[in-house]
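J.: Contents of data.pdb (PDB, C-alpha atoms and all ligand atoms) are given next:
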MODEL        1
ATOM      1  CA  MET H 232      65.075 103.334  75.602  1.00  0.00           C
ATOM      2  CA  LYS H 233      68.574 104.469  74.702  1.00  0.00           C
ATOM      3  CA  VAL H 234      71.417 103.744  77.151  1.00  0.00           C
ATOM      4  CA  LEU H 235      74.577 105.846  76.800  1.00  0.00           C
ATOM      5  CA  ILE H 236      77.633 104.760  78.772  1.00  0.00           C
ATOM      6  CA  PHE H 237      80.521 107.208  79.148  1.00  0.00           C
ATOM      7  CA  PRO H 238      84.007 106.414  80.495  1.00  0.00           C
ATOM      8  CA  ASP H 239      83.596 108.892  83.358  1.00  0.00           C
ATOM      9  CA  ALA H 240      81.046 111.039  85.120  1.00  0.00           C
ATOM     10  CA  GLU H 241      82.376 114.250  83.605  1.00  0.00           C
ATOM     11  CA  ARG H 242      81.520 113.133  80.079  1.00  0.00           C
ATOM     12  CA  ALA H 243      78.136 111.773  81.136  1.00  0.00           C
ATOM     13  CA  VAL H 244      77.337 115.089  82.804  1.00  0.00           C
ATOM     14  CA  ALA H 245      78.489 117.045  79.733  1.00  0.00           C
ATOM     15  CA  ARG H 246      76.124 115.018  77.561  1.00  0.00           C
ATOM     16  CA  VAL H 247      73.143 115.937  79.733  1.00  0.00           C
ATOM     17  CA  ALA H 248      74.100 119.633  79.861  1.00  0.00           C
ATOM     18  CA  ASP H 249      74.560 119.695  76.069  1.00  0.00           C
ATOM     19  CA  THR H 250      71.159 118.102  75.503  1.00  0.00           C
ATOM     20  CA  MET H 251      69.497 120.788  77.615  1.00  0.00           C
ATOM     21  CA  LEU H 252      71.369 123.578  75.859  1.00  0.00           C
ATOM     22  CA  SER H 253      70.555 122.243  72.393  1.00  0.00           C
ATOM     23  CA  LEU H 254      66.893 122.162  73.307  1.00  0.00           C
ATOM     24  CA  VAL H 255      66.890 125.767  74.555  1.00  0.00           C
ATOM     25  CA  ARG H 256      68.852 126.935  71.497  1.00  0.00           C
ATOM     26  CA  ALA H 257      66.279 125.287  69.229  1.00  0.00           C
ATOM     27  CA  ASN H 258      63.310 126.450  71.299  1.00  0.00           C
ATOM     28  CA  PRO H 259      63.909 129.485  73.565  1.00  0.00           C
ATOM     29  CA  GLU H 260      60.474 128.835  75.098  1.00  0.00           C
ATOM     30  CA  ALA H 261      61.237 125.239  76.027  1.00  0.00           C
ATOM     31  CA  VAL H 262      59.710 123.726  79.151  1.00  0.00           C
ATOM     32  CA  LEU H 263      62.386 121.961  81.187  1.00  0.00           C
ATOM     33  CA  GLY H 264      61.709 119.446  83.927  1.00  0.00           C
ATOM     34  CA  LEU H 265      64.468 119.818  86.496  1.00  0.00           C
ATOM     35  CA  ALA H 266      65.852 117.567  89.214  1.00  0.00           C
ATOM     36  CA  THR H 267      67.919 118.013  92.363  1.00  0.00           C
ATOM     37  CA  GLY H 268      70.417 115.875  94.267  1.00  0.00           C
ATOM     38  CA  GLY H 269      74.199 115.603  94.199  1.00  0.00           C
ATOM     39  CA  THR H 270      74.221 114.085  90.690  1.00  0.00           C
ATOM     40  CA  MET H 271      72.711 117.217  89.179  1.00  0.00           C
ATOM     41  CA  GLU H 272      75.154 119.702  90.721  1.00  0.00           C
ATOM     42  CA  PRO H 273      77.887 119.100  88.087  1.00  0.00           C
ATOM     43  CA  VAL H 274      75.211 119.119  85.352  1.00  0.00           C
ATOM     44  CA  TYR H 275      74.157 122.622  86.336  1.00  0.00           C
ATOM     45  CA  ARG H 276      77.805 123.732  86.621  1.00  0.00           C
ATOM     46  CA  ALA H 277      78.471 122.419  83.095  1.00  0.00           C
ATOM     47  CA  LEU H 278      75.298 124.059  81.802  1.00  0.00           C
ATOM     48  CA  ILE H 279      76.253 127.448  83.241  1.00  0.00           C
ATOM     49  CA  ALA H 280      79.801 127.130  81.867  1.00  0.00           C
ATOM     50  CA  ARG H 281      78.472 126.438  78.351  1.00  0.00           C
ATOM     51  CA  ALA H 282      75.478 128.780  78.331  1.00  0.00           C
ATOM     52  CA  ALA H 283      77.178 131.848  76.837  1.00  0.00           C
ATOM     53  CA  GLY H 284      74.925 133.243  74.111  1.00  0.00           C
ATOM     54  CA  VAL H 285      71.918 131.133  75.148  1.00  0.00           C
ATOM     55  CA  SER H 286      69.058 132.995  76.817  1.00  0.00           C
ATOM     56  CA  PHE H 287      66.913 131.317  79.462  1.00  0.00           C
ATOM     57  CA  ALA H 288      64.649 134.365  79.816  1.00  0.00           C
ATOM     58  CA  ARG H 289      61.677 132.629  78.183  1.00  0.00           C
ATOM     59  CA  VAL H 290      62.376 129.103  79.417  1.00  0.00           C
ATOM     60  CA  THR H 291      59.803 127.620  81.772  1.00  0.00           C
ATOM     61  CA  SER H 292      60.854 125.018  84.317  1.00  0.00           C
ATOM     62  CA  PHE H 293      59.141 122.577  86.634  1.00  0.00           C
ATOM     63  CA  ASN H 294      61.078 120.798  89.341  1.00  0.00           C
ATOM     64  CA  LEU H 295      60.221 117.260  90.295  1.00  0.00           C
ATOM     65  CA  ASP H 296      59.759 117.727  94.005  1.00  0.00           C
ATOM     66  CA  GLU H 297      60.083 119.681  97.241  1.00  0.00           C
ATOM     67  CA  TYR H 298      60.188 118.767 100.929  1.00  0.00           C
ATOM     68  CA  VAL H 299      56.950 119.316 102.822  1.00  0.00           C
ATOM     69  CA  GLY H 300      57.378 121.893 105.580  1.00  0.00           C
ATOM     70  CA  LEU H 301      60.316 123.783 104.069  1.00  0.00           C
ATOM     71  CA  ALA H 302      59.641 127.351 102.927  1.00  0.00           C
ATOM     72  CA  PRO H 303      61.278 128.495  99.672  1.00  0.00           C
ATOM     73  CA  ASP H 304      63.902 130.446 101.631  1.00  0.00           C
ATOM     74  CA  HIS H 305      64.879 127.456 103.824  1.00  0.00           C
ATOM     75  CA  PRO H 306      68.519 126.679 102.972  1.00  0.00           C
ATOM     76  CA  GLN H 307      67.834 122.947 102.483  1.00  0.00           C
ATOM     77  CA  SER H 308      64.727 123.479 100.361  1.00  0.00           C
ATOM     78  CA  TYR H 309      64.926 122.523  96.710  1.00  0.00           C
ATOM     79  CA  HIS H 310      63.913 126.109  95.916  1.00  0.00           C
ATOM     80  CA  ALA H 311      67.175 127.240  97.526  1.00  0.00           C
ATOM     81  CA  TYR H 312      69.127 124.433  95.830  1.00  0.00           C
ATOM     82  CA  MET H 313      67.873 125.525  92.414  1.00  0.00           C
ATOM     83  CA  ARG H 314      68.620 129.205  92.991  1.00  0.00           C
ATOM     84  CA  HIS H 315      72.089 128.392  94.274  1.00  0.00           C
ATOM     85  CA  HIS H 316      73.076 125.818  91.650  1.00  0.00           C
ATOM     86  CA  LEU H 317      71.313 127.165  88.570  1.00  0.00           C
ATOM     87  CA  PHE H 318      68.722 129.931  88.518  1.00  0.00           C
ATOM     88  CA  ASP H 319      70.896 132.718  89.955  1.00  0.00           C
ATOM     89  CA  HIS H 320      73.571 132.110  87.310  1.00  0.00           C
ATOM     90  CA  LEU H 321      71.388 132.444  84.209  1.00  0.00           C
ATOM     91  CA  ASP H 322      69.077 135.158  82.855  1.00  0.00           C
ATOM     92  CA  THR H 323      66.040 133.211  84.088  1.00  0.00           C
ATOM     93  CA  ASP H 324      62.624 134.807  84.674  1.00  0.00           C
ATOM     94  CA  PRO H 325      61.598 133.844  88.251  1.00  0.00           C
ATOM     95  CA  ALA H 326      57.918 133.909  87.232  1.00  0.00           C
ATOM     96  CA  ARG H 327      58.565 130.972  84.895  1.00  0.00           C
ATOM     97  CA  LEU H 328      60.437 128.783  87.398  1.00  0.00           C
ATOM     98  CA  HIS H 329      58.173 126.381  89.257  1.00  0.00           C
ATOM     99  CA  LEU H 330      58.641 124.100  92.245  1.00  0.00           C
ATOM    100  CA  PRO H 331      55.977 122.717  94.554  1.00  0.00           C
ATOM    101  CA  LEU H 332      55.483 124.997  97.552  1.00  0.00           C
ATOM    102  CA  GLY H 333      56.710 122.927 100.505  1.00  0.00           C
ATOM    103  CA  ASN H 334      55.091 125.101 103.152  1.00  0.00           C
ATOM    104  CA  ALA H 335      51.662 125.357 101.513  1.00  0.00           C
ATOM    105  CA  ASP H 336      48.757 125.180 103.995  1.00  0.00           C
ATOM    106  CA  SER H 337      47.490 122.062 102.287  1.00  0.00           C
ATOM    107  CA  PRO H 338      50.263 119.995 100.655  1.00  0.00           C
ATOM    108  CA  ASN H 339      47.658 117.823  98.911  1.00  0.00           C
ATOM    109  CA  ALA H 340      45.934 120.832  97.338  1.00  0.00           C
ATOM    110  CA  GLU H 341      49.338 122.224  96.386  1.00  0.00           C
ATOM    111  CA  ALA H 342      50.221 118.938  94.658  1.00  0.00           C
ATOM    112  CA  GLU H 343      47.009 119.061  92.615  1.00  0.00           C
ATOM    113  CA  ARG H 344      47.589 122.700  91.728  1.00  0.00           C
ATOM    114  CA  TYR H 345      51.171 121.927  90.656  1.00  0.00           C
ATOM    115  CA  ASP H 346      50.102 119.054  88.403  1.00  0.00           C
ATOM    116  CA  ALA H 347      47.517 121.296  86.747  1.00  0.00           C
ATOM    117  CA  THR H 348      50.081 124.075  86.240  1.00  0.00           C
ATOM    118  CA  ILE H 349      52.346 121.689  84.331  1.00  0.00           C
ATOM    119  CA  ALA H 350      49.468 120.725  82.053  1.00  0.00           C
ATOM    120  CA  ALA H 351      48.464 124.380  81.580  1.00  0.00           C
ATOM    121  CA  ALA H 352      52.017 125.188  80.454  1.00  0.00           C
ATOM    122  CA  GLY H 353      51.659 122.578  77.712  1.00  0.00           C
ATOM    123  CA  GLY H 354      53.646 119.843  79.469  1.00  0.00           C
ATOM    124  CA  VAL H 355      57.369 119.268  79.850  1.00  0.00           C
ATOM    125  CA  ASP H 356      59.636 119.010  76.793  1.00  0.00           C
ATOM    126  CA  LEU H 357      62.621 117.401  78.526  1.00  0.00           C
ATOM    127  CA  GLN H 358      62.461 115.927  82.018  1.00  0.00           C
ATOM    128  CA  LEU H 359      65.769 115.382  83.805  1.00  0.00           C
ATOM    129  CA  LEU H 360      65.817 112.551  86.317  1.00  0.00           C
ATOM    130  CA  GLY H 361      68.284 111.466  88.952  1.00  0.00           C
ATOM    131  CA  LEU H 362      68.008 108.014  90.494  1.00  0.00           C
ATOM    132  CA  GLY H 363      67.636 107.100  94.145  1.00  0.00           C
ATOM    133  CA  VAL H 364      69.756 104.206  95.396  1.00  0.00           C
ATOM    134  CA  ASN H 365      66.408 102.463  96.028  1.00  0.00           C
ATOM    135  CA  GLY H 366      65.203 103.124  92.475  1.00  0.00           C
ATOM    136  CA  HIS H 367      63.138 106.211  93.184  1.00  0.00           C
ATOM    137  CA  ILE H 368      62.640 109.043  90.684  1.00  0.00           C
ATOM    138  CA  GLY H 369      61.587 112.404  92.043  1.00  0.00           C
ATOM    139  CA  PHE H 370      60.432 111.203  95.446  1.00  0.00           C
ATOM    140  CA  ASN H 371      58.416 108.300  94.065  1.00  0.00           C
ATOM    141  CA  GLU H 372      59.595 105.705  96.524  1.00  0.00           C
ATOM    142  CA  PRO H 373      59.329 101.943  95.925  1.00  0.00           C
ATOM    143  CA  GLY H 374      55.665 101.020  96.170  1.00  0.00           C
ATOM    144  CA  SER H 375      54.553 104.165  94.327  1.00  0.00           C
ATOM    145  CA  SER H 376      51.694 103.615  91.940  1.00  0.00           C
ATOM    146  CA  LEU H 377      52.933 103.617  88.370  1.00  0.00           C
ATOM    147  CA  GLY H 378      49.851 105.670  87.499  1.00  0.00           C
ATOM    148  CA  SER H 379      50.444 108.296  90.193  1.00  0.00           C
ATOM    149  CA  ARG H 380      50.065 112.051  89.739  1.00  0.00           C
ATOM    150  CA  THR H 381      51.775 114.813  91.731  1.00  0.00           C
ATOM    151  CA  ARG H 382      51.027 114.135  95.405  1.00  0.00           C
ATOM    152  CA  THR H 383      52.449 113.984  98.898  1.00  0.00           C
ATOM    153  CA  LYS H 384      54.694 110.986  99.601  1.00  0.00           C
ATOM    154  CA  THR H 385      56.201 109.664 102.807  1.00  0.00           C
ATOM    155  CA  LEU H 386      59.967 109.346 102.461  1.00  0.00           C
ATOM    156  CA  THR H 387      61.563 106.021 103.325  1.00  0.00           C
ATOM    157  CA  GLN H 388      64.190 105.876 106.055  1.00  0.00           C
ATOM    158  CA  LYS H 389      66.740 104.940 103.363  1.00  0.00           C
ATOM    159  CA  THR H 390      66.008 108.101 101.367  1.00  0.00           C
ATOM    160  CA  ARG H 391      66.063 110.252 104.496  1.00  0.00           C
ATOM    161  CA  ASP H 392      69.441 108.718 105.425  1.00  0.00           C
ATOM    162  CA  ASP H 393      70.792 109.240 101.879  1.00  0.00           C
ATOM    163  CA  ASN H 394      69.773 112.906 101.948  1.00  0.00           C
ATOM    164  CA  ALA H 395      70.881 113.592 105.537  1.00  0.00           C
ATOM    165  CA  ARG H 396      74.261 114.762 104.189  1.00  0.00           C
ATOM    166  CA  PHE H 397      72.581 117.894 102.853  1.00  0.00           C
ATOM    167  CA  PHE H 398      71.168 118.782 106.292  1.00  0.00           C
ATOM    168  CA  GLY H 399      72.941 120.018 109.416  1.00  0.00           C
ATOM    169  CA  ALA H 400      73.616 117.601 112.303  1.00  0.00           C
ATOM    170  CA  ASP H 401      70.945 119.342 114.384  1.00  0.00           C
ATOM    171  CA  GLU H 402      68.371 119.347 111.576  1.00  0.00           C
ATOM    172  CA  GLU H 403      65.826 116.663 110.842  1.00  0.00           C
ATOM    173  CA  VAL H 404      65.340 115.487 107.273  1.00  0.00           C
ATOM    174  CA  PRO H 405      61.654 116.033 106.459  1.00  0.00           C
ATOM    175  CA  HIS H 406      59.395 112.978 106.504  1.00  0.00           C
ATOM    176  CA  TYR H 407      57.239 114.010 103.541  1.00  0.00           C
ATOM    177  CA  ALA H 408      57.683 115.511 100.105  1.00  0.00           C
ATOM    178  CA  ILE H 409      55.485 116.727  97.276  1.00  0.00           C
ATOM    179  CA  THR H 410      56.602 114.955  94.124  1.00  0.00           C
ATOM    180  CA  MET H 411      55.491 114.725  90.520  1.00  0.00           C
ATOM    181  CA  GLY H 412      53.919 111.299  90.109  1.00  0.00           C
ATOM    182  CA  ILE H 413      55.185 108.558  87.831  1.00  0.00           C
ATOM    183  CA  ALA H 414      52.383 109.228  85.329  1.00  0.00           C
ATOM    184  CA  THR H 415      53.145 112.961  85.467  1.00  0.00           C
ATOM    185  CA  ILE H 416      56.811 112.245  84.693  1.00  0.00           C
ATOM    186  CA  MET H 417      55.863 109.846  81.883  1.00  0.00           C
ATOM    187  CA  GLU H 418      53.906 112.622  80.143  1.00  0.00           C
ATOM    188  CA  ALA H 419      57.096 114.581  79.437  1.00  0.00           C
ATOM    189  CA  ARG H 420      57.898 114.452  75.732  1.00  0.00           C
ATOM    190  CA  GLU H 421      61.444 113.291  76.508  1.00  0.00           C
ATOM    191  CA  VAL H 422      63.020 111.952  79.701  1.00  0.00           C
ATOM    192  CA  MET H 423      66.739 111.780  80.447  1.00  0.00           C
ATOM    193  CA  LEU H 424      67.928 109.883  83.511  1.00  0.00           C
ATOM    194  CA  LEU H 425      71.481 110.446  84.743  1.00  0.00           C
ATOM    195  CA  ALA H 426      73.211 108.124  87.206  1.00  0.00           C
ATOM    196  CA  THR H 427      76.881 108.148  88.134  1.00  0.00           C
ATOM    197  CA  GLY H 428      79.007 106.212  90.600  1.00  0.00           C
ATOM    198  CA  PRO H 429      79.146 102.597  91.802  1.00  0.00           C
ATOM    199  CA  HIS H 430      76.457 103.072  94.466  1.00  0.00           C
ATOM    200  CA  LYS H 431      73.872 103.500  91.689  1.00  0.00           C
ATOM    201  CA  ALA H 432      74.825 100.332  89.761  1.00  0.00           C
ATOM    202  CA  GLN H 433      72.130  98.046  91.223  1.00  0.00           C
ATOM    203  CA  ALA H 434      69.378 100.628  90.838  1.00  0.00           C
ATOM    204  CA  VAL H 435      70.517 101.223  87.240  1.00  0.00           C
ATOM    205  CA  ALA H 436      70.369  97.491  86.475  1.00  0.00           C
ATOM    206  CA  ASN H 437      66.868  97.299  87.975  1.00  0.00           C
ATOM    207  CA  THR H 438      65.801 100.373  85.999  1.00  0.00           C
ATOM    208  CA  VAL H 439      67.142  99.268  82.631  1.00  0.00           C
ATOM    209  CA  GLU H 440      66.944  95.465  82.728  1.00  0.00           C
ATOM    210  CA  GLY H 441      64.640  94.615  85.586  1.00  0.00           C
ATOM    211  CA  PRO H 442      60.930  94.001  85.306  1.00  0.00           C
ATOM    212  CA  VAL H 443      58.818  97.144  85.161  1.00  0.00           C
ATOM    213  CA  SER H 444      57.686  97.222  88.728  1.00  0.00           C
ATOM    214  CA  THR H 445      56.609  99.500  91.505  1.00  0.00           C
ATOM    215  CA  PHE H 446      59.543  98.052  93.493  1.00  0.00           C
ATOM    216  CA  CYS H 447      61.804 100.102  91.208  1.00  0.00           C
ATOM    217  CA  PRO H 448      59.732 103.119  90.156  1.00  0.00           C
ATOM    218  CA  ALA H 449      62.407 104.245  87.663  1.00  0.00           C
ATOM    219  CA  SER H 450      61.853 101.015  85.655  1.00  0.00           C
ATOM    220  CA  MET H 451      58.666 102.617  84.309  1.00  0.00           C
ATOM    221  CA  ILE H 452      60.754 104.696  81.893  1.00  0.00           C
ATOM    222  CA  GLN H 453      61.272 101.483  79.884  1.00  0.00           C
ATOM    223  CA  PHE H 454      57.804 102.272  78.549  1.00  0.00           C
ATOM    224  CA  HIS H 455      58.622 105.862  77.590  1.00  0.00           C
ATOM    225  CA  ARG H 456      58.779 106.565  73.852  1.00  0.00           C
ATOM    226  CA  HIS H 457      61.768 108.896  74.128  1.00  0.00           C
ATOM    227  CA  ALA H 458      63.884 107.945  77.129  1.00  0.00           C
ATOM    228  CA  THR H 459      67.658 108.146  77.446  1.00  0.00           C
ATOM    229  CA  VAL H 460      69.665 106.766  80.348  1.00  0.00           C
ATOM    230  CA  VAL H 461      73.062 108.449  80.676  1.00  0.00           C
ATOM    231  CA  LEU H 462      75.645 106.601  82.781  1.00  0.00           C
ATOM    232  CA  ASP H 463      79.294 106.513  83.668  1.00  0.00           C
ATOM    233  CA  GLU H 464      81.019 103.129  83.596  1.00  0.00           C
ATOM    234  CA  GLU H 465      80.674 102.673  87.359  1.00  0.00           C
ATOM    235  CA  ALA H 466      76.919 103.130  87.330  1.00  0.00           C
ATOM    236  CA  ALA H 467      76.709 100.791  84.317  1.00  0.00           C
ATOM    237  CA  ALA H 468      78.776  98.065  86.003  1.00  0.00           C
ATOM    238  CA  LYS H 469      75.855  95.702  86.657  1.00  0.00           C
ATOM    239  CA  LEU H 470      74.289  95.885  83.192  1.00  0.00           C
TER     240      LEU H 470
HETATM  241  C1  LIG H 501      66.665 112.919  95.944  1.00  0.00           C
HETATM  242  C2  LIG H 501      65.816 113.583  94.881  1.00  0.00           C
HETATM  243  C3  LIG H 501      65.825 112.794  93.610  1.00  0.00           C
HETATM  244  C4  LIG H 501      67.249 112.437  93.248  1.00  0.00           C
HETATM  245  C5  LIG H 501      67.825 111.541  94.292  1.00  0.00           C
HETATM  246  C6  LIG H 501      69.253 111.095  93.986  1.00  0.00           C
HETATM  247  O1  LIG H 501      65.982 112.001  96.722  1.00  0.00           O
HETATM  248  N1  LIG H 501      64.477 113.820  95.265  1.00  0.00           N
HETATM  249  O2  LIG H 501      65.200 113.542  92.583  1.00  0.00           O
HETATM  250  O3  LIG H 501      67.277 111.815  92.008  1.00  0.00           O
HETATM  251  O4  LIG H 501      67.812 112.259  95.500  1.00  0.00           O
HETATM  252  O5  LIG H 501      70.144 111.951  94.607  1.00  0.00           O
HETATM  253  P1  LIG H 501      71.701 112.011  94.381  1.00  0.00           P
HETATM  254  O6  LIG H 501      71.887 112.560  93.020  1.00  0.00           O
HETATM  255  O7  LIG H 501      72.176 112.956  95.442  1.00  0.00           O
HETATM  256  O8  LIG H 501      72.207 110.634  94.528  1.00  0.00           O
ENDMDL
END
Using structure tokens, write down the structure from this file.
Ligand code: GLP

T.:
Amino acid sequence: MKVLIFPDAERAVARVADTMLSLVRANPEAVLGLATGGTMEPVYRALIARAAGVSFARVTSFNLDEYVGLAPDHPQSYHAYMRHHLFDHLDTDPARLHLPLGNADSPNAEAERYDATIAAAGGVDLQLLGLGVNGHIGFNEPGSSLGSRTRTKTLTQKTRDDNARFFGADEEVPHYAITMGIATIMEAREVMLLATGPHKAQAVANTVEGPVSTFCPASMIQFHRHATVVLDEEAAAKL
């Protein structure tokens, strides 16, 4: 595992955006694994700002997760997040952009279908990962099986509280999500985890230096053959 520490978040973010762009330049049919959350917003801004001359028309993408119960047009859905922060600003082909369908009749069947679709596309070339304050990746909360596939997960109160800022005061944060599993994530040919800010420092230390444990699902990437952890100095403070 490679750990890159940058003096500030801006440079950490730029590194992630540049890695994605280099991949798409080299392979216009790349399969990107995408993530959501506040950390990724500047990444997508930087990507859009640097994307001149790079076509995303043949890029395929798979997002990590989606809230159960939210339709793709719900403003707090990850579908909407991705359109707003990335897809609408590039020459993407909507047919190639995948997220789990949060309002599917059967979330469990949808999770299985999603996992199979990733495999059918030949797997993910580069999987972006954010990091939950509790060590989650995607919505694989502490206690997640390290061998898990895409499935429905119950969100912890901590994660629901952390994400409440994206929802209106009168809206409830969903209790469940469909998320790629840890084993699904580990099958990506490359994974890149980005964490910025002092509130991520403990989770970063557990991820990079802690024991590989279900208590910190992100620690599993220690076993990945091509994993990079990109940090600013604040997130690296406890290493
Ligand atoms: C959510 C997402 C994760 C993300 C995490 C961190 O729970 N499902 O994929 O990594 O939040 O979010 P933030 O970047 O806002 O701290």

J.: Please determine, counting all atoms listed in the file, which residue among H:Arg246, H:Lys431, H:Arg276, H:Arg380 has the shortest atom-to-atom distance to ligand LIG 501 (chain H).

T.: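 Smallest distance to ligand LIG 501 (chain H) is found for H:Lys431.
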
J.: Using only the atoms of ligand LIG 501 (chain H) listed in the file, plus 3 Å on each side, state the axis-aligned box centre and edge lengths in Å rounded to one decimal, as AutoDock Vina command-line options.

T.:
--center_x 68.3 --center_y 112.2 --center_z 94.4 --size_x 13.7 --size_y 9.2 --size_z 10.7

J.: Using the chain letters and numbers from the file, which residues does the PyMOL selection byres (((chain H and resi 275) around 12) and not hetatm) grab, as a ChimeraX atom specification?

T.: /H:244-249,251-252,265-274,276-282,312-321,359

J.: Write a file of the just-selected residues containing C-alpha atoms, as a PDB file, in the frame of the given file.

T.:
ATOM      1  CA  VAL H 244      77.337 115.089  82.804  1.00  0.00           C
ATOM      2  CA  ALA H 245      78.489 117.045  79.733  1.00  0.00           C
ATOM      3  CA  ARG H 246      76.124 115.018  77.561  1.00  0.00           C
ATOM      4  CA  VAL H 247      73.143 115.937  79.733  1.00  0.00           C
ATOM      5  CA  ALA H 248      74.100 119.633  79.861  1.00  0.00           C
ATOM      6  CA  ASP H 249      74.560 119.695  76.069  1.00  0.00           C
ATOM      7  CA  MET H 251      69.497 120.788  77.615  1.00  0.00           C
ATOM      8  CA  LEU H 252      71.369 123.578  75.859  1.00  0.00           C
ATOM      9  CA  LEU H 265      64.468 119.818  86.496  1.00  0.00           C
ATOM     10  CA  ALA H 266      65.852 117.567  89.214  1.00  0.00           C
ATOM     11  CA  THR H 267      67.919 118.013  92.363  1.00  0.00           C
ATOM     12  CA  GLY H 268      70.417 115.875  94.267  1.00  0.00           C
ATOM     13  CA  GLY H 269      74.199 115.603  94.199  1.00  0.00           C
ATOM     14  CA  THR H 270      74.221 114.085  90.690  1.00  0.00           C
ATOM     15  CA  MET H 271      72.711 117.217  89.179  1.00  0.00           C
ATOM     16  CA  GLU H 272      75.154 119.702  90.721  1.00  0.00           C
ATOM     17  CA  PRO H 273      77.887 119.100  88.087  1.00  0.00           C
ATOM     18  CA  VAL H 274      75.211 119.119  85.352  1.00  0.00           C
ATOM     19  CA  ARG H 276      77.805 123.732  86.621  1.00  0.00           C
ATOM     20  CA  ALA H 277      78.471 122.419  83.095  1.00  0.00           C
ATOM     21  CA  LEU H 278      75.298 124.059  81.802  1.00  0.00           C
ATOM     22  CA  ILE H 279      76.253 127.448  83.241  1.00  0.00           C
ATOM     23  CA  ALA H 280      79.801 127.130  81.867  1.00  0.00           C
ATOM     24  CA  ARG H 281      78.472 126.438  78.351  1.00  0.00           C
ATOM     25  CA  ALA H 282      75.478 128.780  78.331  1.00  0.00           C
ATOM     26  CA  TYR H 312      69.127 124.433  95.830  1.00  0.00           C
ATOM     27  CA  MET H 313      67.873 125.525  92.414  1.00  0.00           C
ATOM     28  CA  ARG H 314      68.620 129.205  92.991  1.00  0.00           C
ATOM     29  CA  HIS H 315      72.089 128.392  94.274  1.00  0.00           C
ATOM     30  CA  HIS H 316      73.076 125.818  91.650  1.00  0.00           C
ATOM     31  CA  LEU H 317      71.313 127.165  88.570  1.00  0.00           C
ATOM     32  CA  PHE H 318      68.722 129.931  88.518  1.00  0.00           C
ATOM     33  CA  ASP H 319      70.896 132.718  89.955  1.00  0.00           C
ATOM     34  CA  HIS H 320      73.571 132.110  87.310  1.00  0.00           C
ATOM     35  CA  LEU H 321      71.388 132.444  84.209  1.00  0.00           C
ATOM     36  CA  LEU H 359      65.769 115.382  83.805  1.00  0.00           C
TER      37      LEU H 359
END

J.: Could the residues that lie within 8 Å of ligand LIG 501 (chain H), counting all atoms listed in the file, be listed as a VMD selection string?

T.: chain H and resid 266 to 271 295 to 297 360 to 364 367 to 370 390 to 391 393 to 394 426 431

J.: Quick one: pull the distance between atom CA of Glu440 of chain H and atom CA of Phe237 of chain H, Å, one decimal.

T.: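 Taking atom CA of Glu440 of chain H and atom CA of Phe237 of chain H, their separation equals 18.3 Å.
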
J.: Just to confirm, what's the straight-line distance from atom CA of Pro448 of chain H to atom CA of Glu418 of chain H in Å (one decimal)?

T.: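 Separation between atom CA of Pro448 of chain H and atom CA of Glu418 of chain H: 15.0 Å.
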
J.: For a test of reading the model, state the distance in Å between atom CA of Tyr298 of chain H and atom CA of Val404 of chain H, rounded to one decimal.

T.: 8.8 Å

J.: Could you check which of H:Ile416, H:Val461, H:Ala240, H:Leu254 is closest to Val435 of chain H, using all atoms listed in the file?

T.: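 Once distances to Val435 of chain H are computed over all atoms listed in the file, the minimum belongs to H:Val461.
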
J.: Please provide as a ChimeraX atom specification all residues within 7 Å of Gly428 of chain H, with the sequence filter that same-chain residues fewer than 4 positions apart are discarded (counting all atoms listed in the file).

T.: /H:463,465-466

J.: Considering all atoms listed in the file, return as a PyMOL selection string whatever protein or nucleic-acid residues lie within 12 Å of Glu403 of chain H, sequence-local ones (same chain, fewer than 6 positions apart) excluded.

T.: chain H and resi 298+300-301+307+388+391-392+394-397

J.: With all atoms listed in the file as the counted atoms, please give the residues lying no more than 8 Å from Leu357 of chain H, apart from itself and same-chain residues fewer than 5 positions off, as an mmCIF file with C-alpha atoms, in the frame of the given file.

T.:
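Full text of around16.cif as output:
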data_model
loop_
_atom_site.group_PDB
_atom_site.id
_atom_site.type_symbol
_atom_site.label_atom_id
_atom_site.label_comp_id
_atom_site.auth_asym_id
_atom_site.auth_seq_id
_atom_site.Cartn_x
_atom_site.Cartn_y
_atom_site.Cartn_z
ATOM 1 C CA MET H 251 69.497 120.788 77.615
ATOM 2 C CA VAL H 262 59.710 123.726 79.151
ATOM 3 C CA LEU H 263 62.386 121.961 81.187
ATOM 4 C CA GLY H 264 61.709 119.446 83.927
ATOM 5 C CA ALA H 419 57.096 114.581 79.437
ATOM 6 C CA ARG H 420 57.898 114.452 75.732
ATOM 7 C CA GLU H 421 61.444 113.291 76.508
ATOM 8 C CA VAL H 422 63.020 111.952 79.701
ATOM 9 C CA MET H 423 66.739 111.780 80.447
#

J.: Of the residues H:Leu386, H:Leu328, H:Tyr309, H:Ser253, which is the one nearest to Gly374 of chain H, using all atoms listed in the file?

T.: H:Leu386
